[in-house]
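A short write-up of the structure that comes next.
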Amino acid sequence: MTVFTNCNLWDGTNNSMQAHSWLEVENGRVQQVGQNTPPASDQTVDLKGQYVIPGLINAHTHIMMDPVTNEMEQLSETVVTARALRNLDTLLHAGVTTIRECGCAFNTDLKLKALAQKQPLVAPHILGSGQPLSMTGGHGDFPEQAGGNFSYLVDSPDEVRKAARLVLKAGADNIKVMATGGVMSPGDNIEDTASTVAEMRVAVEEAHHKSKTVAAHAQGHQGIQNALDAGVDSIEHGIYVDEQQAAFMAEHQIYLVPTLNACASISKYGRDQLPDYMIRKNDQVKNDFVKNIKMAFEHGVSVAVGTDAGTPFNSFATGTFEELEIFVNEVEMTPLQALQAAGTVAAHVLHIADDYGTLEVGKVADFLVLQADPLQDITAVAQTDKAVYQAGVLVK
């Protein structure tokens, strides 16, 4: 048993820091939380008045990608695995203690998740989607080496059913479907629809049979509507969501994971380095993107932090903080709301709220120790030498 003493604690449920707090951890879980005099313990860690918050959850990553080289086609499984291990290490040291991977060639995320259950990995807790489901020629049809593909290519409800069952058999926690074109695919536009309602409905049916979720890459308006009609659990990106769709999502508790930093990073760093089609499509949407996400949030949609980490210049080291800053500075969330988006809201997106997202008694003791109060200034989370604890153990 370890007691962490002398800290200002935000457990993810309160509206403010609780001064003079302590946290008791045993077997990786929170046993007690309190203020003032801590219980006796053989092992005590004095946090010296610093600020403790729950570990961050990033609900949309791509650990196989390199945001600097932007090379993602014709990769071998060895390259994908090596990149993934490096990026997982970077995410954890940045304070991201849990991720949902939203598309990985060779189902590498699922293999690494299984490996982590047998031997320690320096990595966040992984919830995986394996290979996404894409139509032939659509967003996600990216060839890899040895005849493989980033996606399962599916062009009918029956093909979707087979692919969904394969990825679930491989251990997926979530099925990723492509409802529209995207910024990074050269052969389509954002407003293009991709998987049909009937196809996505099959994916939802198969996932829900096993109490798993479906996340839809959906950027254009009609594709968002198709995904909602199919019954998906979350809309990823949601660039052209409208008020009627936002009201529906709020009423039916369908989550929105906007990944605003993906767009912002291309705008900041990619203009002279990325293909013309990518810059053109990004420029086309960047102003509408923030405006529509702000509208959806104001309409009561549950918005979670996910960054699309790995897309061009979208860093595994800094992207999660940058997403939080966009939420505060442009979507006009309070720092509290932004941190909830990386905590309780994201935990509900991933269906892991019983164990993660807050520092309540019984939950996994994933937490960060910061020098400044992020509820007052969200940039406090960007501290480079923060202490990161996973299941109560300091990450080295």
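Identifiers for the structure tokens are assigned positionally: chains receive A, B, ... in sequence, residues are indexed from 1 per chain, and ligands are indexed from 1 in the order shown.
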
Legend entry - Shell around range 52-59 of chain A at 6 Å using only C-alpha atoms, local window under 3 positions removed, as a list in words: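 Selected residues are Leu9, Trp10, Val96, Thr97, Thr98, Ile99, Arg100, Val305, Gly306, Ala342, Gly343, Thr358, Asp366, Phe367, Leu368 and Val369 of chain A.
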
Leaving out range 258-267 of chain A and any residue of its chain fewer than 6 positions from it, which residues lie within 8 Å of it when counting only C-alpha atoms, given as a PDB file with C-alpha atoms, in the first residue's frame?
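As written to disk, part00.pdb reads:
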ATOM      1  CA  HIS A  60      -8.527   8.483 -31.355  1.00  0.00           C
ATOM      2  CA  ILE A 235     -18.832  10.136 -34.770  1.00  0.00           C
ATOM      3  CA  GLU A 236     -15.147  10.737 -35.453  1.00  0.00           C
ATOM      4  CA  HIS A 237     -14.279  14.192 -36.829  1.00  0.00           C
ATOM      5  CA  GLY A 238     -17.866  15.333 -37.565  1.00  0.00           C
ATOM      6  CA  ILE A 239     -16.760  18.357 -39.579  1.00  0.00           C
ATOM      7  CA  ILE A 279      -3.791  21.229 -48.229  1.00  0.00           C
ATOM      8  CA  ASN A 282      -7.853  21.001 -45.150  1.00  0.00           C
ATOM      9  CA  ASP A 283      -8.193  24.669 -46.099  1.00  0.00           C
ATOM     10  CA  LYS A 286     -10.737  24.333 -41.175  1.00  0.00           C
ATOM     11  CA  PHE A 289     -14.688  22.521 -38.440  1.00  0.00           C
ATOM     12  CA  VAL A 290     -14.231  24.517 -35.230  1.00  0.00           C
ATOM     13  CA  ILE A 293     -17.868  21.438 -33.147  1.00  0.00           C
ATOM     14  CA  VAL A 303     -17.384  15.763 -26.908  1.00  0.00           C
ATOM     15  CA  ALA A 304     -14.311  13.668 -26.103  1.00  0.00           C
ATOM     16  CA  VAL A 305     -10.599  14.231 -26.614  1.00  0.00           C
ATOM     17  CA  GLY A 306      -9.091  12.315 -29.488  1.00  0.00           C
ATOM     18  CA  THR A 307      -6.372  13.736 -31.675  1.00  0.00           C
ATOM     19  CA  ASP A 308      -5.911  11.492 -34.735  1.00  0.00           C
ATOM     20  CA  ALA A 309      -2.331  11.259 -33.446  1.00  0.00           C
ATOM     21  CA  THR A 311      -1.532  12.244 -38.965  1.00  0.00           C
ATOM     22  CA  PRO A 312       0.743  14.900 -40.525  1.00  0.00           C
ATOM     23  CA  PHE A 313       2.653  16.880 -37.870  1.00  0.00           C
ATOM     24  CA  ASN A 314       0.132  15.743 -35.246  1.00  0.00           C
ATOM     25  CA  GLY A 319      -1.007  16.578 -29.633  1.00  0.00           C
ATOM     26  CA  GLU A 322      -2.824  20.907 -28.153  1.00  0.00           C
ATOM     27  CA  GLU A 323      -6.298  19.385 -28.507  1.00  0.00           C
ATOM     28  CA  ILE A 326      -8.102  24.140 -28.872  1.00  0.00           C
TER      29      ILE A 326
END

Inset, instruction - Report the residues of range 177-359 of chain A whose backbone DSSP state falls under strand (DSSP E), written as a list in words. - result: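 Listing strand (DSSP E) positions across range 177-359 of chain A yields Val177, Met178, Thr213, Val214, Ala215, Ala216, His217, Ala218, Ser234, Ile235, Glu236, His237, Tyr255, Leu256 and Val257 of chain A.
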
Output for the residues just chosen: C-alpha atoms as a compact mmCIF listing (two decimals), in the first residue's frame:
# COMPACT_ATOMS: atom_id res chain seq x y z
CA VAL A 177 -16.09 2.16 -40.21
CA MET A 178 -15.52 4.73 -42.94
CA THR A 213 -18.67 -0.22 -30.01
CA VAL A 214 -18.62 1.23 -33.52
CA ALA A 215 -16.83 4.48 -34.37
CA ALA A 216 -17.54 6.10 -37.72
CA HIS A 217 -15.05 8.24 -39.61
CA ALA A 218 -17.63 10.77 -40.78
CA SER A 234 -19.45 7.74 -31.93
CA ILE A 235 -18.83 10.14 -34.77
CA GLU A 236 -15.15 10.74 -35.45
CA HIS A 237 -14.28 14.19 -36.83
CA TYR A 255 -20.36 10.78 -28.75
CA LEU A 256 -18.35 13.18 -30.89
CA VAL A 257 -14.55 12.84 -31.12

Legend entry - Nearest residue to Gly34 in chain A from the set A:His348, A:His299, A:His20, A:Lys294 (distances using only C-alpha atoms):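 Smallest distance to Gly34 in chain A is found for A:His20.
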
Legend entry - All alpha helix (DSSP H) residues (DSSP, backbone) inside range 196-281 of chain A, as JSON, numbers by chain: {"A": [197, 198, 199, 200, 201, 202, 203, 204, 205, 206, 207, 208, 209, 221, 222, 223, 224, 225, 226, 227, 228, 229, 230, 243, 244, 245, 246, 247, 248, 249, 250, 251, 252, 260, 261, 262, 263, 264, 265, 266, 267, 268, 269, 276, 277, 278, 279, 280, 281]}

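With only C-alpha atoms as the atoms that count, the residue of A:Ser134, A:Gln340, A:Thr90, A:Ser21 with the shortest distance to Val3 in chain A is A:Ser21.
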
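Each of A:Glu159, A:Ser315, A:Thr379, A:Tyr51 was compared to Leu88 in chain A using only C-alpha atoms, and A:Ser315 turns out to be the nearest.
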
Sorted per-residue table, range 54-78 of chain A near range 102-113 of chain A, closest atoms and distance, 10 Å, only C-alpha atoms, as CSV:
residue,atom,partner,partner_atom,distance
A:Ala59,CA,A:Cys102,CA,8.0
A:His60,CA,A:Cys102,CA,5.5
A:Thr61,CA,A:Cys102,CA,5.8
A:His62,CA,A:Gly103,CA,6.2
A:Ile63,CA,A:Cys104,CA,7.2
A:Met64,CA,A:Cys104,CA,6.2
A:Met65,CA,A:Cys104,CA,8.7
A:Met72,CA,A:Ala105,CA,9.5
A:Glu73,CA,A:Ala105,CA,9.9
A:Leu75,CA,A:Ala105,CA,8.8
A:Ser76,CA,A:Phe106,CA,9.0
A:Glu77,CA,A:Phe106,CA,6.5
A:Thr78,CA,A:Thr108,CA,9.6

For the selection you just gave me, I'd like the residues written to a file as a compact mmCIF listing (two decimals), in the first residue's frame, keeping N, CA and C atoms.
# COMPACT_ATOMS: atom_id res chain seq x y z
N ALA A 59 -8.95 9.28 -27.23
CA ALA A 59 -9.92 8.34 -27.80
C ALA A 59 -9.77 8.13 -29.31
N HIS A 60 -8.71 8.70 -29.90
CA HIS A 60 -8.53 8.48 -31.36
C HIS A 60 -7.06 8.65 -31.71
N THR A 61 -6.34 7.53 -31.82
CA THR A 61 -4.93 7.55 -32.20
C THR A 61 -4.69 6.61 -33.38
N HIS A 62 -3.51 6.78 -34.00
CA HIS A 62 -3.03 5.87 -35.05
C HIS A 62 -1.55 5.62 -34.79
N ILE A 63 -1.28 4.63 -33.96
CA ILE A 63 0.07 4.41 -33.46
C ILE A 63 1.02 3.88 -34.53
N MET A 64 0.52 3.43 -35.68
CA MET A 64 1.38 2.95 -36.75
C MET A 64 1.98 4.08 -37.58
N MET A 65 1.49 5.29 -37.40
CA MET A 65 1.85 6.39 -38.29
C MET A 65 3.03 7.19 -37.73
N MET A 72 2.73 6.19 -44.86
CA MET A 72 1.85 5.18 -44.27
C MET A 72 1.42 4.09 -45.23
N GLU A 73 1.88 4.13 -46.48
CA GLU A 73 1.56 3.06 -47.42
C GLU A 73 2.78 2.18 -47.66
N LEU A 75 3.89 -0.31 -45.99
CA LEU A 75 4.68 -0.59 -44.80
C LEU A 75 4.68 -2.09 -44.50
N SER A 76 5.74 -2.57 -43.90
CA SER A 76 5.79 -3.94 -43.42
C SER A 76 5.24 -4.01 -42.01
N GLU A 77 4.89 -5.21 -41.58
CA GLU A 77 4.39 -5.36 -40.21
C GLU A 77 5.49 -5.04 -39.20
N THR A 78 6.74 -5.28 -39.55
CA THR A 78 7.84 -4.94 -38.66
C THR A 78 7.93 -3.44 -38.44

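When CA of Pro67 in chain A is paired with CA of Phe150 in chain A, their separation reads 16.6 Å.
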
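CA of Gln119 in chain A lies 18.7 Å from CA of His93 in chain A.
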
Legend entry - Proximity to Val349 in chain A - best of A:Val202, A:Ile254, A:Asn6, A:Pro132, only C-alpha atoms: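 When distances to Val349 in chain A are compared using only C-alpha atoms, the smallest one comes from A:Ile254.
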
Legend entry - Gln50 in chain A environment, 12 Å, only C-alpha atoms, sequence neighbours closer than 5 positions dropped, as a list in words: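 My list of contacting residues is Phe4, Thr5, Asn6, Cys7, Asn8, Leu9, Trp10, Met17, Gln18, Ala19, His20, Ser21, Trp22, Val45, Leu368, Val369, Leu370, Gln371, Ala372, Asp373, Pro374, Ala380, Lys386 and Ala387 of chain A.
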
Inset, instruction - Please identify all polymer residues within 8 Å of range 204-211 of chain A, counting only C-alpha atoms, omitting same-chain residues fewer than 5 positions from it, and present them as a ChimeraX atom specification. - result: /A:161,164-165,168,174-175,230-232

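With distances restricted to only C-alpha atoms, A:Glu325 is the closest residue to Ala338 in chain A from A:Asp89, A:Asp173, A:Glu191, A:Glu325.
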
Legend entry - CA of Gln383 in chain A to CA of Asp272 in chain A, straight-line distance in Å: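 Between these atoms lies a distance of 29.7 Å.
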